[in-house]
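A.B. asks: Sharing a structure, written as structure tokens. Questions coming.
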Amino acid sequence: MSRHDSSRRPLLAALVAWLRARSPSLTASPFARGDSLLGPDSVLGRRLRRAHHAVERFRVREHLRRTEHALRRADRPDLTPEQRRRRERHLDRLRAYWRRGRFPSNHAESGRAPAFVSPDDGTLCAVANLLERDHPDLVARTATRDNTVRVEAVEGTPLEDSLAAWAEHNGFTRAELARVQPSYPHSVQFATTCGPVACWVAGAACALVGSAVFATTEWVGYRLVGEWFPAKPLKRRAALGYATAMNGFLAVFLALVLYALFP
């Protein structure tokens, strides 16, 4: 070993120690660096969580909007004038709730599940929001004993008798209150109502629009690809295949969005 090599060793050791102190991720293992880039606390992970929460808020808000409209149009000749008045008042509260757009988060179960009261910030679910003005003690007791209770399965819980009495007093049925609460995790009654037409008509109209968009974009793409690659059949076929796949995705996505937003 030369004298120059031995003299460089302290310098290299000092440089490595300085780098480790300044940026531990530079000297971490590849797996640790990958976890910092792609893990739940990374920038990408935080952005994905925000996107997921935004989608969930939109889904719940749309469910409640459609449910509120459906309950207002429901034919309930059995109600007294006083029950109708109270029912409309609570439906106004439901409208204000979904327009506000603050919904609880569930941390008790890995999949989708209702949360009567959000354990992190105390946000009420839609049903708890309706009950809270008349029975705040019941809401607090239910949140403590069974925060993921489903309205359609309240038999044998502290909520059963109180919920039935409240629903009768305010002109609701328990099935209607269960409709207000999104049915996690198995399904969500996304299109509870489609306005003045039947939902199959709305679905057919949205599918027709999606098909028209697909046909139009496919025709435009065929013309453009033919102009771009007139003498290169292999590139032309690859571009047409890519364009067809993207057009199909766009058409299906547009049809689903239109159906989700159908008045």
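Labels used: A, B, ... for chains in the order of the structure tokens, numbers from 1 for residues in each chain, and numbers from 1 for ligands as shown.
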Near A:Arg150, within 7 Å and counting only C-alpha atoms, which residues show up once chain neighbours fewer than 3 positions away are dropped, as a list in words?

C.D. replies: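 Contacts, with the query itself left out: Pro114, Ala153 and Val154 of chain A.
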
A.B. asks: So what do you get for atom CA of A:Trp98 versus atom CA of A:Asn129, distance-wise?

C.D. replies: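 Straight-line distance from atom CA of A:Trp98 to atom CA of A:Asn129 works out to 10.6 Å.
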
A.B. asks: What's around A:Leu250 at 12 Å? Count only C-alpha atoms, leave out sequence neighbours fewer than 3 positions away in its own chain, and write the answer as JSON, numbers by chain.

C.D. replies: {"A": [209, 210, 211, 212, 213, 214, 215, 216, 217, 218, 243, 244, 245, 246, 247, 253, 254, 255, 256, 257]}

A.B. asks: For those residues, write C-alpha atoms to a file as an mmCIF file, in the first residue's frame.

C.D. replies:
```
data_model
loop_
_atom_site.group_PDB
_atom_site.id
_atom_site.type_symbol
_atom_site.label_atom_id
_atom_site.label_comp_id
_atom_site.auth_asym_id
_atom_site.auth_seq_id
_atom_site.Cartn_x
_atom_site.Cartn_y
_atom_site.Cartn_z
ATOM 1 C CA VAL A 209 -73.218 9.042 -25.520
ATOM 2 C CA GLY A 210 -70.166 6.938 -24.663
ATOM 3 C CA SER A 211 -70.591 4.894 -27.859
ATOM 4 C CA ALA A 212 -70.894 8.071 -29.929
ATOM 5 C CA VAL A 213 -67.733 9.484 -28.350
ATOM 6 C CA PHE A 214 -65.889 6.220 -29.035
ATOM 7 C CA ALA A 215 -66.997 6.135 -32.691
ATOM 8 C CA THR A 216 -66.089 9.789 -33.255
ATOM 9 C CA THR A 217 -62.657 9.605 -31.634
ATOM 10 C CA GLU A 218 -61.955 6.307 -33.418
ATOM 11 C CA ALA A 243 -55.652 4.922 -29.982
ATOM 12 C CA THR A 244 -58.420 2.310 -29.843
ATOM 13 C CA ALA A 245 -57.487 1.320 -26.284
ATOM 14 C CA MET A 246 -57.412 4.946 -25.120
ATOM 15 C CA ASN A 247 -60.685 5.727 -26.909
ATOM 16 C CA PHE A 253 -65.097 6.772 -18.221
ATOM 17 C CA LEU A 254 -67.268 9.487 -19.767
ATOM 18 C CA ALA A 255 -70.376 7.282 -19.670
ATOM 19 C CA LEU A 256 -69.810 6.429 -15.986
ATOM 20 C CA VAL A 257 -69.281 10.073 -15.036
#
```

A.B. asks: When you count only C-alpha atoms, which of these residues is closest to A:Asp134: A:Ser162, A:Gln83, A:Gln181, A:Thr148?

C.D. replies: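 Residue with the minimum atom-to-atom distance to A:Asp134: A:Ser162.
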
A.B. asks: Go through A:His53, A:Arg65, A:Arg59, A:Arg93 and flag the residue nearest A:Ala128, using only C-alpha atoms for the distances.

C.D. replies: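 Residue with the minimum atom-to-atom distance to A:Ala128: A:Arg93.
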
A.B. asks: Grab the atom CA of A:Leu64 to atom CA of A:Ala251 distance for me, in Å with one decimal place.

C.D. replies: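 For atom CA of A:Leu64 relative to atom CA of A:Ala251, the distance reads 26.3 Å.
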
A.B. asks: Quick one: pull the distance between atom CA of A:Phe116 and atom CA of A:Asn147, Å, one decimal.

C.D. replies: 5.1 Å

A.B. asks: List the spatial neighbours of A:Asp78 as a PyMOL selection string - criterion: any atom at most 12 Å away, only C-alpha atoms, same-chain residues fewer than 3 positions off excluded.

C.D. replies: chain A and resi 74-75+81-84+168+171-173

A.B. asks: Go through A:Ala54, A:Leu130, A:Leu71, A:Val139 and flag the residue nearest A:Gly101, using only C-alpha atoms for the distances.

C.D. replies: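 For A:Gly101, the nearest of the given residues is A:Ala54.
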
A.B. asks: If you run DSSP on the backbone here, which positions in stretch 83-165 of chain A get alpha helix (DSSP H)? Please write them as a PyMOL selection string.

C.D. replies: chain A and resi 83-100+126-132+136-145+159-165

A.B. asks: For A:Thr144, which residue out of A:His169, A:Leu94, A:Leu163, A:Ser118 is the nearest one, using only C-alpha atoms?

C.D. replies: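 Smallest separation from A:Thr144 among the options: A:Ser118.
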
A.B. asks: With only C-alpha atoms as the counted atoms, please give the residues lying no more than 12 Å from A:Glu68, apart from itself and same-chain residues fewer than 5 positions off, as a PyMOL selection string.

C.D. replies: chain A and resi 61-63+73-74+87-99+126+176-177+179-181+191-193+195

A.B. asks: Looking at only C-alpha atoms, which of A:Pro104, A:Val55, A:Pro119, A:Leu258 is the one that sits closest to A:Ala202?

C.D. replies: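 Of A:Pro104, A:Val55, A:Pro119, A:Leu258, the one nearest A:Ala202 is A:Leu258, counting only C-alpha atoms.
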